[in-house]
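Trainee: Pasting upload_34.pdb here (PDB, C-alpha atoms and all ligand atoms):
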ATOM      1  CA  MET A   1      32.250-234.609  -6.082  1.00  0.00           C
ATOM      2  CA  GLN A   2      35.233-236.731  -7.078  1.00  0.00           C
ATOM      3  CA  PHE A   3      37.647-236.089  -9.925  1.00  0.00           C
ATOM      4  CA  VAL A   4      40.551-238.276 -10.984  1.00  0.00           C
ATOM      5  CA  ILE A   5      43.712-236.181 -11.178  1.00  0.00           C
ATOM      6  CA  ALA A   6      45.847-237.216 -14.143  1.00  0.00           C
ATOM      7  CA  SER A   7      49.260-236.222 -12.823  1.00  0.00           C
ATOM      8  CA  HIS A   8      52.139-237.848 -10.994  1.00  0.00           C
ATOM      9  CA  ASN A   9      53.633-234.508  -9.943  1.00  0.00           C
ATOM     10  CA  LYS A  10      53.156-234.430  -6.154  1.00  0.00           C
ATOM     11  CA  HIS A  11      53.647-230.644  -6.002  1.00  0.00           C
ATOM     12  CA  LYS A  12      51.061-229.974  -8.685  1.00  0.00           C
ATOM     13  CA  ILE A  13      48.583-232.351  -7.020  1.00  0.00           C
ATOM     14  CA  GLU A  14      49.182-230.524  -3.737  1.00  0.00           C
ATOM     15  CA  GLU A  15      48.369-227.169  -5.374  1.00  0.00           C
ATOM     16  CA  PHE A  16      45.221-228.625  -6.976  1.00  0.00           C
ATOM     17  CA  LYS A  17      44.079-230.025  -3.628  1.00  0.00           C
ATOM     18  CA  ARG A  18      44.747-226.775  -1.762  1.00  0.00           C
ATOM     19  CA  ILE A  19      42.395-224.916  -4.082  1.00  0.00           C
ATOM     20  CA  LEU A  20      39.787-227.563  -4.998  1.00  0.00           C
ATOM     21  CA  ASN A  21      39.283-229.333  -1.641  1.00  0.00           C
ATOM     22  CA  PRO A  22      37.678-226.277  -0.013  1.00  0.00           C
ATOM     23  CA  LEU A  23      35.157-226.315  -2.890  1.00  0.00           C
ATOM     24  CA  GLY A  24      34.080-229.844  -1.942  1.00  0.00           C
ATOM     25  CA  ILE A  25      36.018-231.516  -4.753  1.00  0.00           C
ATOM     26  CA  GLU A  26      37.940-234.639  -3.789  1.00  0.00           C
ATOM     27  CA  LEU A  27      40.856-235.542  -6.037  1.00  0.00           C
ATOM     28  CA  ILE A  28      41.591-239.212  -6.566  1.00  0.00           C
ATOM     29  CA  GLU A  29      45.036-240.326  -7.618  1.00  0.00           C
ATOM     30  CA  ALA A  30      45.001-243.395  -9.876  1.00  0.00           C
ATOM     31  CA  GLU A  31      47.511-245.628 -11.632  1.00  0.00           C
ATOM     32  CA  LEU A  32      47.122-244.391 -15.185  1.00  0.00           C
ATOM     33  CA  THR A  33      48.722-245.257 -18.488  1.00  0.00           C
ATOM     34  CA  GLU A  34      51.411-242.686 -19.336  1.00  0.00           C
ATOM     35  CA  VAL A  35      50.299-240.339 -22.118  1.00  0.00           C
ATOM     36  CA  GLU A  36      52.806-238.919 -24.588  1.00  0.00           C
ATOM     37  CA  GLU A  37      52.795-235.114 -24.272  1.00  0.00           C
ATOM     38  CA  ASN A  38      53.346-234.406 -27.942  1.00  0.00           C
ATOM     39  CA  GLY A  39      50.658-231.761 -28.510  1.00  0.00           C
ATOM     40  CA  GLU A  40      51.522-228.375 -29.993  1.00  0.00           C
ATOM     41  CA  THR A  41      49.797-226.453 -27.222  1.00  0.00           C
ATOM     42  CA  PHE A  42      49.517-226.718 -23.444  1.00  0.00           C
ATOM     43  CA  MET A  43      45.767-227.246 -23.788  1.00  0.00           C
ATOM     44  CA  ALA A  44      46.156-230.036 -26.358  1.00  0.00           C
ATOM     45  CA  ASN A  45      48.347-231.909 -23.866  1.00  0.00           C
ATOM     46  CA  ALA A  46      46.050-231.224 -20.891  1.00  0.00           C
ATOM     47  CA  TYR A  47      43.036-232.465 -22.886  1.00  0.00           C
ATOM     48  CA  LYS A  48      44.892-235.571 -24.025  1.00  0.00           C
ATOM     49  CA  LYS A  49      45.858-236.476 -20.436  1.00  0.00           C
ATOM     50  CA  ALA A  50      42.393-235.770 -19.007  1.00  0.00           C
ATOM     51  CA  LYS A  51      40.551-237.655 -21.753  1.00  0.00           C
ATOM     52  CA  SER A  52      42.789-240.681 -21.472  1.00  0.00           C
ATOM     53  CA  ALA A  53      42.281-240.790 -17.665  1.00  0.00           C
ATOM     54  CA  MET A  54      38.498-240.432 -18.080  1.00  0.00           C
ATOM     55  CA  LEU A  55      38.346-243.271 -20.623  1.00  0.00           C
ATOM     56  CA  GLU A  56      40.483-245.467 -18.383  1.00  0.00           C
ATOM     57  CA  THR A  57      38.606-244.827 -15.109  1.00  0.00           C
ATOM     58  CA  GLY A  58      35.090-243.918 -16.262  1.00  0.00           C
ATOM     59  CA  LEU A  59      35.215-240.957 -13.848  1.00  0.00           C
ATOM     60  CA  PRO A  60      35.447-237.204 -14.436  1.00  0.00           C
ATOM     61  CA  SER A  61      39.154-236.558 -14.875  1.00  0.00           C
ATOM     62  CA  ILE A  62      41.249-233.426 -14.646  1.00  0.00           C
ATOM     63  CA  ALA A  63      44.728-232.695 -15.987  1.00  0.00           C
ATOM     64  CA  ASP A  64      47.018-229.714 -16.204  1.00  0.00           C
ATOM     65  CA  ASP A  65      49.785-229.030 -18.660  1.00  0.00           C
ATOM     66  CA  SER A  66      51.949-226.150 -17.688  1.00  0.00           C
ATOM     67  CA  GLY A  67      55.184-224.443 -18.515  1.00  0.00           C
ATOM     68  CA  LEU A  68      57.345-221.385 -18.591  1.00  0.00           C
ATOM     69  CA  CYS A  69      57.547-219.062 -21.616  1.00  0.00           C
ATOM     70  CA  ILE A  70      60.502-216.676 -21.709  1.00  0.00           C
ATOM     71  CA  ASP A  71      60.318-213.715 -24.088  1.00  0.00           C
ATOM     72  CA  ALA A  72      64.097-213.396 -24.601  1.00  0.00           C
ATOM     73  CA  LEU A  73      64.253-217.091 -25.597  1.00  0.00           C
ATOM     74  CA  GLY A  74      61.479-216.755 -28.194  1.00  0.00           C
ATOM     75  CA  GLY A  75      58.883-218.288 -25.843  1.00  0.00           C
ATOM     76  CA  GLU A  76      61.046-221.246 -24.853  1.00  0.00           C
ATOM     77  CA  PRO A  77      60.983-223.614 -23.021  1.00  0.00           C
ATOM     78  CA  GLY A  78      57.185-223.385 -23.659  1.00  0.00           C
ATOM     79  CA  VAL A  79      55.440-226.720 -24.243  1.00  0.00           C
ATOM     80  CA  LYS A  80      58.833-228.406 -23.838  1.00  0.00           C
ATOM     81  CA  THR A  81      59.264-227.053 -20.284  1.00  0.00           C
ATOM     82  CA  ALA A  82      59.310-230.504 -18.657  1.00  0.00           C
ATOM     83  CA  ARG A  83      61.872-231.806 -21.186  1.00  0.00           C
ATOM     84  CA  TYR A  84      64.037-228.683 -21.654  1.00  0.00           C
ATOM     85  CA  ALA A  85      67.160-230.233 -20.128  1.00  0.00           C
ATOM     86  CA  PRO A  86      67.969-233.331 -18.045  1.00  0.00           C
ATOM     87  CA  VAL A  87      66.344-233.530 -14.601  1.00  0.00           C
ATOM     88  CA  GLY A  88      68.276-231.433 -12.090  1.00  0.00           C
ATOM     89  CA  GLN A  89      69.694-229.121 -14.768  1.00  0.00           C
ATOM     90  CA  ARG A  90      66.611-227.333 -16.022  1.00  0.00           C
ATOM     91  CA  LYS A  91      66.726-224.176 -13.894  1.00  0.00           C
ATOM     92  CA  LEU A  92      70.467-223.834 -14.399  1.00  0.00           C
ATOM     93  CA  THR A  93      70.077-224.268 -18.161  1.00  0.00           C
ATOM     94  CA  VAL A  94      67.569-221.413 -18.199  1.00  0.00           C
ATOM     95  CA  LEU A  95      69.851-219.216 -16.064  1.00  0.00           C
ATOM     96  CA  LYS A  96      72.768-219.979 -18.401  1.00  0.00           C
ATOM     97  CA  ASN A  97      70.713-219.159 -21.518  1.00  0.00           C
ATOM     98  CA  MET A  98      69.663-215.883 -19.872  1.00  0.00           C
ATOM     99  CA  GLU A  99      73.189-214.947 -18.749  1.00  0.00           C
ATOM    100  CA  ASN A 100      73.595-211.852 -20.913  1.00  0.00           C
ATOM    101  CA  VAL A 101      69.999-210.734 -20.988  1.00  0.00           C
ATOM    102  CA  PRO A 102      69.437-207.321 -19.356  1.00  0.00           C
ATOM    103  CA  GLU A 103      66.853-206.759 -16.617  1.00  0.00           C
ATOM    104  CA  GLU A 104      64.174-205.190 -18.837  1.00  0.00           C
ATOM    105  CA  LYS A 105      64.289-208.121 -21.297  1.00  0.00           C
ATOM    106  CA  ARG A 106      63.950-210.880 -18.645  1.00  0.00           C
ATOM    107  CA  THR A 107      60.157-210.979 -18.849  1.00  0.00           C
ATOM    108  CA  ALA A 108      58.471-214.376 -18.738  1.00  0.00           C
ATOM    109  CA  TYR A 109      55.195-216.027 -17.865  1.00  0.00           C
ATOM    110  CA  PHE A 110      53.986-219.324 -16.505  1.00  0.00           C
ATOM    111  CA  VAL A 111      50.965-220.928 -18.165  1.00  0.00           C
ATOM    112  CA  ALA A 112      48.637-223.569 -16.770  1.00  0.00           C
ATOM    113  CA  ALA A 113      46.133-225.170 -19.130  1.00  0.00           C
ATOM    114  CA  ILE A 114      43.587-227.305 -17.302  1.00  0.00           C
ATOM    115  CA  ALA A 115      41.131-229.700 -18.926  1.00  0.00           C
ATOM    116  CA  LEU A 116      38.321-231.558 -17.182  1.00  0.00           C
ATOM    117  CA  CYS A 117      36.665-234.399 -19.121  1.00  0.00           C
ATOM    118  CA  PHE A 118      33.326-235.884 -18.042  1.00  0.00           C
ATOM    119  CA  PRO A 119      32.289-239.440 -19.012  1.00  0.00           C
ATOM    120  CA  GLY A 120      29.292-238.079 -20.994  1.00  0.00           C
ATOM    121  CA  GLY A 121      31.690-236.236 -23.315  1.00  0.00           C
ATOM    122  CA  ASP A 122      31.469-232.763 -21.790  1.00  0.00           C
ATOM    123  CA  VAL A 123      34.757-230.897 -21.478  1.00  0.00           C
ATOM    124  CA  ILE A 124      35.702-227.787 -19.496  1.00  0.00           C
ATOM    125  CA  GLU A 125      38.946-226.038 -20.425  1.00  0.00           C
ATOM    126  CA  VAL A 126      40.500-223.106 -18.564  1.00  0.00           C
ATOM    127  CA  GLU A 127      43.862-221.372 -18.720  1.00  0.00           C
ATOM    128  CA  GLY A 128      45.789-219.143 -16.343  1.00  0.00           C
ATOM    129  CA  LYS A 129      48.925-217.051 -16.894  1.00  0.00           C
ATOM    130  CA  CYS A 130      51.237-215.401 -14.404  1.00  0.00           C
ATOM    131  CA  TYR A 131      53.630-212.703 -15.615  1.00  0.00           C
ATOM    132  CA  GLY A 132      57.000-212.138 -13.962  1.00  0.00           C
ATOM    133  CA  LYS A 133      60.727-212.105 -14.672  1.00  0.00           C
ATOM    134  CA  ILE A 134      63.573-214.593 -14.711  1.00  0.00           C
ATOM    135  CA  GLY A 135      65.965-214.002 -11.809  1.00  0.00           C
ATOM    136  CA  TYR A 136      69.759-214.230 -11.858  1.00  0.00           C
ATOM    137  CA  GLU A 137      70.094-217.118  -9.400  1.00  0.00           C
ATOM    138  CA  CYS A 138      67.963-219.634  -7.512  1.00  0.00           C
ATOM    139  CA  LYS A 139      66.195-218.001  -4.575  1.00  0.00           C
ATOM    140  CA  GLY A 140      64.128-219.599  -1.802  1.00  0.00           C
ATOM    141  CA  GLU A 141      63.428-223.099  -0.591  1.00  0.00           C
ATOM    142  CA  GLY A 142      59.720-223.683  -1.240  1.00  0.00           C
ATOM    143  CA  GLY A 143      57.746-224.685  -4.309  1.00  0.00           C
ATOM    144  CA  PHE A 144      58.997-226.873  -7.139  1.00  0.00           C
ATOM    145  CA  GLY A 145      60.307-226.866 -10.693  1.00  0.00           C
ATOM    146  CA  TYR A 146      61.279-223.405 -11.908  1.00  0.00           C
ATOM    147  CA  ASP A 147      59.884-221.611  -8.824  1.00  0.00           C
ATOM    148  CA  PRO A 148      63.329-220.508  -7.503  1.00  0.00           C
ATOM    149  CA  ILE A 149      64.139-218.567 -10.701  1.00  0.00           C
ATOM    150  CA  PHE A 150      60.701-217.050 -11.364  1.00  0.00           C
ATOM    151  CA  MET A 151      60.485-213.582  -9.823  1.00  0.00           C
ATOM    152  CA  TYR A 152      57.046-212.141  -9.100  1.00  0.00           C
ATOM    153  CA  GLY A 153      57.798-208.622  -7.950  1.00  0.00           C
ATOM    154  CA  LYS A 154      60.560-208.805  -5.363  1.00  0.00           C
ATOM    155  CA  LYS A 155      60.051-212.448  -4.409  1.00  0.00           C
ATOM    156  CA  SER A 156      60.668-215.656  -6.294  1.00  0.00           C
ATOM    157  CA  PHE A 157      57.787-218.154  -6.265  1.00  0.00           C
ATOM    158  CA  SER A 158      59.976-220.264  -3.941  1.00  0.00           C
ATOM    159  CA  GLU A 159      60.118-217.430  -1.407  1.00  0.00           C
ATOM    160  CA  MET A 160      56.333-217.139  -1.225  1.00  0.00           C
ATOM    161  CA  SER A 161      54.004-218.913   1.175  1.00  0.00           C
ATOM    162  CA  ASP A 162      51.521-221.355  -0.372  1.00  0.00           C
ATOM    163  CA  GLU A 163      48.765-218.762  -0.002  1.00  0.00           C
ATOM    164  CA  GLU A 164      50.839-216.030  -1.656  1.00  0.00           C
ATOM    165  CA  LYS A 165      51.687-218.258  -4.626  1.00  0.00           C
ATOM    166  CA  ASP A 166      48.113-219.559  -5.053  1.00  0.00           C
ATOM    167  CA  ALA A 167      46.765-215.999  -5.072  1.00  0.00           C
ATOM    168  CA  VAL A 168      48.775-214.988  -8.158  1.00  0.00           C
ATOM    169  CA  SER A 169      49.999-218.184  -9.823  1.00  0.00           C
ATOM    170  CA  HIS A 170      48.973-219.476 -13.252  1.00  0.00           C
ATOM    171  CA  ARG A 171      47.488-222.585 -11.603  1.00  0.00           C
ATOM    172  CA  GLY A 172      45.640-220.546  -8.976  1.00  0.00           C
ATOM    173  CA  ILE A 173      44.147-218.306 -11.678  1.00  0.00           C
ATOM    174  CA  ALA A 174      43.141-221.293 -13.840  1.00  0.00           C
ATOM    175  CA  LEU A 175      41.608-223.178 -10.895  1.00  0.00           C
ATOM    176  CA  ARG A 176      39.540-220.167  -9.830  1.00  0.00           C
ATOM    177  CA  LYS A 177      38.247-219.922 -13.425  1.00  0.00           C
ATOM    178  CA  LEU A 178      37.430-223.621 -13.205  1.00  0.00           C
ATOM    179  CA  GLU A 179      35.426-222.984 -10.032  1.00  0.00           C
ATOM    180  CA  GLU A 180      33.287-220.450 -11.927  1.00  0.00           C
ATOM    181  CA  ARG A 181      32.828-222.793 -14.885  1.00  0.00           C
ATOM    182  CA  LEU A 182      31.821-225.660 -12.577  1.00  0.00           C
ATOM    183  CA  LYS A 183      29.188-223.480 -10.903  1.00  0.00           C
ATOM    184  CA  GLU A 184      27.714-222.663 -14.337  1.00  0.00           C
ATOM    185  CA  TYR A 185      27.955-226.316 -15.400  1.00  0.00           C
ATOM    186  CA  PHE A 186      26.088-227.704 -12.412  1.00  0.00           C
ATOM    187  CA  ASN A 187      23.450-224.951 -12.395  1.00  0.00           C
ATOM    188  CA  ARG A 188      22.488-225.385 -16.057  1.00  0.00           C
TER     189      ARG A 188
HETATM  190  P1  LIG A 201      54.017-230.834 -17.212  1.00  0.00           P
HETATM  191  O1  LIG A 201      53.965-231.763 -16.052  1.00  0.00           O
HETATM  192  O2  LIG A 201      54.218-231.471 -18.524  1.00  0.00           O
HETATM  193  O3  LIG A 201      52.860-229.870 -17.198  1.00  0.00           O
HETATM  194  O4  LIG A 201      55.364-229.999 -17.029  1.00  0.00           O
HETATM  195  C1  LIG A 201      55.368-228.771 -16.470  1.00  0.00           C
HETATM  196  C2  LIG A 201      56.793-228.254 -16.369  1.00  0.00           C
HETATM  197  O5  LIG A 201      56.694-226.892 -15.979  1.00  0.00           O
HETATM  198  C3  LIG A 201      57.595-228.967 -15.307  1.00  0.00           C
HETATM  199  O6  LIG A 201      58.956-228.936 -15.651  1.00  0.00           O
HETATM  200  C4  LIG A 201      57.360-228.116 -14.083  1.00  0.00           C
HETATM  201  O7  LIG A 201      58.419-228.182 -13.185  1.00  0.00           O
HETATM  202  C5  LIG A 201      57.187-226.725 -14.681  1.00  0.00           C
HETATM  203  N1  LIG A 201      56.158-225.992 -13.905  1.00  0.00           N
HETATM  204  C6  LIG A 201      54.830-225.996 -14.070  1.00  0.00           C
HETATM  205  N2  LIG A 201      54.196-225.262 -13.147  1.00  0.00           N
HETATM  206  C7  LIG A 201      55.177-224.792 -12.353  1.00  0.00           C
HETATM  207  C8  LIG A 201      55.148-223.978 -11.190  1.00  0.00           C
HETATM  208  O8  LIG A 201      54.109-223.557 -10.660  1.00  0.00           O
HETATM  209  N3  LIG A 201      56.349-223.705 -10.661  1.00  0.00           N
HETATM  210  C9  LIG A 201      57.528-224.155 -11.187  1.00  0.00           C
HETATM  211  N4  LIG A 201      57.612-224.929 -12.253  1.00  0.00           N
HETATM  212  C10 LIG A 201      56.428-225.247 -12.845  1.00  0.00           C
END
Taking this structure as input, can you express it in the form of structure tokens?
Mentor:
Amino acid sequence: MQFVIASHNKHKIEEFKRILNPLGIELIEAELTEVEENGETFMANAYKKAKSAMLETGLPSIADDSGLCIDALGGEPGVKTARYAPVGQRKLTVLKNMENVPEEKRTAYFVAAIALCFPGGDVIEVEGKCYGKIGYECKGEGGFGYDPIFMYGKKSFSEMSDEEKDAVSHRGIALRKLEERLKEYFNR
């Protein structure tokens, strides 16, 4: 089975492939028209990206919209996660805004909303959340985006192996839900 992946984020695509390839799903990267991510929810943006890719390619298309919600910042950066500050300054902006926040109030979660649009009009939507805390500095070398400042237990996401991150991450949780939904969908 082939799905078009509506993302240019190499790291995200890598995570999708790691989890979906073993299920026999091949992800195709395509040149797609950029979609404005102006929805009010993660899912609205994921659906918009997936639908646009499906209409453009005529193939089942999958998209993820994800972000980091920090309790002490009233849920920010939230849906604005990718545009929270200029490239290269996002993690540091979060750390700065969290400077005086005590340990017990540093709770945060990552969300991944994933939409899969089929040419016939069917849509599958799944969401995953991963709860953790915002660290005090960047830790680790792996991962991408906000991984170095997101603490899951004693390790930041950047300090985890791919397998460790996939087992608990928002995207891992959402993709495993998608696997279940796909089984139901194809066995109807
Ligand atoms: P999107 O491409 O509009 O979904 O933007 C997602 C934003 O959230 C980007 O700034 C990403 O760097 C960040 N993000 C999403 N998932 C992760 C993750 O697993 N680790 C670190 N940052 C993430």
Trainee: Quick one: contact table of chain A to ligand LIG 201 (chain A), 8 Å max, nearest atom pair and distance in Å to one decimal per residue, counting all atoms listed in the file, chain and number order, as a tab-separated table?
Mentor:
residue	atom	partner	partner_atom	distance
A:Ser7	CA	A:LIG201	O1	7.2
A:Asn9	CA	A:LIG201	O1	6.7
A:Lys12	CA	A:LIG201	N2	7.2
A:Glu37	CA	A:LIG201	O2	7.0
A:Phe42	CA	A:LIG201	O3	7.8
A:Asn45	CA	A:LIG201	O2	7.9
A:Ala46	CA	A:LIG201	O3	7.9
A:Asp64	CA	A:LIG201	O3	5.9
A:Asp65	CA	A:LIG201	O3	3.5
A:Ser66	CA	A:LIG201	O3	3.9
A:Gly67	CA	A:LIG201	O5	3.8
A:Leu68	CA	A:LIG201	O5	6.1
A:Val79	CA	A:LIG201	O2	7.5
A:Lys80	CA	A:LIG201	O2	7.7
A:Thr81	CA	A:LIG201	C2	4.8
A:Ala82	CA	A:LIG201	O6	3.4
A:Arg83	CA	A:LIG201	O6	6.9
A:Tyr84	CA	A:LIG201	O6	7.9
A:Arg90	CA	A:LIG201	O6	7.8
A:Phe110	CA	A:LIG201	N2	6.8
A:Val111	CA	A:LIG201	N2	7.4
A:Ala112	CA	A:LIG201	N2	6.8
A:Gly143	CA	A:LIG201	N3	6.6
A:Phe144	CA	A:LIG201	C9	5.1
A:Gly145	CA	A:LIG201	O7	3.4
A:Tyr146	CA	A:LIG201	C9	3.9
A:Asp147	CA	A:LIG201	C9	4.2
A:Pro148	CA	A:LIG201	C9	7.8
A:Phe150	CA	A:LIG201	C9	7.8
A:Phe157	CA	A:LIG201	N3	7.2
A:Ser169	CA	A:LIG201	O8	6.8
A:His170	CA	A:LIG201	O8	7.1
A:Arg171	CA	A:LIG201	O8	6.8
Trainee: In Å, with one decimal, what is the gap from CA of Leu178 in chain A to CA of His11 in chain A?
Mentor: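 Distance reported for this atom pair: 19.1 Å.
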Trainee: Written as number ranges by chain, what is the full residue list that the PyMOL selection byres (((chain A and resi 47) around 9) and not hetatm) yields on the file shown?
Mentor: A: 42-46, 48-52, 62-65, 113-117, 123, 125
Trainee: Out of A:Leu59, A:His8, A:Lys177, A:Leu73, which residue has the shortest atom-to-atom distance to Glu31 in chain A when counting all atoms listed in the file?
Mentor: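 Among the listed residues, A:His8 lies closest to Glu31 in chain A.
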Trainee: With distances taken over all atoms listed in the file, which of A:Ala6, A:Ala85, A:Ala174, A:Cys69 is nearest to Gly132 in chain A?
Mentor: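 For Gly132 in chain A, the nearest of the candidates is A:Cys69.
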Trainee: Check which residues satisfy the PyMOL selection byres (((chain A and resi 165) around 12) and not hetatm) in the file shown, then give them as a tab-separated table (two decimals) with C-alpha atoms, in the frame of the given file.
Mentor:
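Listed below is the output, out19.tsv:
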chain	number	residue	atom	x	y	z
A	15	GLU	CA	48.37	-227.17	-5.37
A	18	ARG	CA	44.75	-226.78	-1.76
A	19	ILE	CA	42.40	-224.92	-4.08
A	130	CYS	CA	51.24	-215.40	-14.40
A	142	GLY	CA	59.72	-223.68	-1.24
A	143	GLY	CA	57.75	-224.68	-4.31
A	144	PHE	CA	59.00	-226.87	-7.14
A	147	ASP	CA	59.88	-221.61	-8.82
A	150	PHE	CA	60.70	-217.05	-11.36
A	151	MET	CA	60.48	-213.58	-9.82
A	152	TYR	CA	57.05	-212.14	-9.10
A	153	GLY	CA	57.80	-208.62	-7.95
A	155	LYS	CA	60.05	-212.45	-4.41
A	156	SER	CA	60.67	-215.66	-6.29
A	157	PHE	CA	57.79	-218.15	-6.26
A	158	SER	CA	59.98	-220.26	-3.94
A	159	GLU	CA	60.12	-217.43	-1.41
A	160	MET	CA	56.33	-217.14	-1.23
A	161	SER	CA	54.00	-218.91	1.18
A	162	ASP	CA	51.52	-221.36	-0.37
A	163	GLU	CA	48.76	-218.76	0.00
A	164	GLU	CA	50.84	-216.03	-1.66
A	166	ASP	CA	48.11	-219.56	-5.05
A	167	ALA	CA	46.76	-216.00	-5.07
A	168	VAL	CA	48.78	-214.99	-8.16
A	169	SER	CA	50.00	-218.18	-9.82
A	170	HIS	CA	48.97	-219.48	-13.25
A	171	ARG	CA	47.49	-222.58	-11.60
A	172	GLY	CA	45.64	-220.55	-8.98
A	173	ILE	CA	44.15	-218.31	-11.68
Trainee: One decimal, Å: what's the distance from CA of Glu26 in chain A over to CA of Arg188 in chain A, could you say?
Mentor: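 Result for CA of Glu26 in chain A versus CA of Arg188 in chain A: 21.8 Å, one decimal.
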Trainee: For the atom pair CA of Gly58 in chain A and CA of Glu34 in chain A, what is the interatomic distance in Å to one decimal place?
Mentor: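 CA of Gly58 in chain A sits 16.7 Å away from CA of Glu34 in chain A.
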Trainee: Using only C-alpha atoms, can you tell me which of A:Lys183, A:Thr41, A:Thr107, A:Pro60 comes closest to Glu127 in chain A?
Mentor: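 Among A:Lys183, A:Thr41, A:Thr107, A:Pro60, it is A:Thr41 that comes nearest to Glu127 in chain A.
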Trainee: Using all atoms of range 24-28 of chain A that appear in the file, construct an axis-aligned enclosing box with 5 Å of padding on every side and provide its centre coordinates and edge lengths in Å, rounded to one decimal, as lines of an AutoDock Vina configuration file.
Mentor:
center_x = 37.8
center_y = -234.5
center_z = -4.3
size_x = 17.5
size_y = 19.4
size_z = 14.6
Trainee: Using the chain letters and numbers from this file, what does the PyMOL selection byres (((chain A and resi 136) around 12) and not hetatm) select? Give the answer as a list in words.
Mentor: Lys91, Leu92, Thr93, Val94, Leu95, Lys96, Asn97, Met98, Glu99, Asn100, Val101, Pro102, Glu103, Arg106, Lys133, Ile134, Gly135, Glu137, Cys138, Lys139, Pro148, Ile149, Phe150, Met151 and Ser156 of chain A
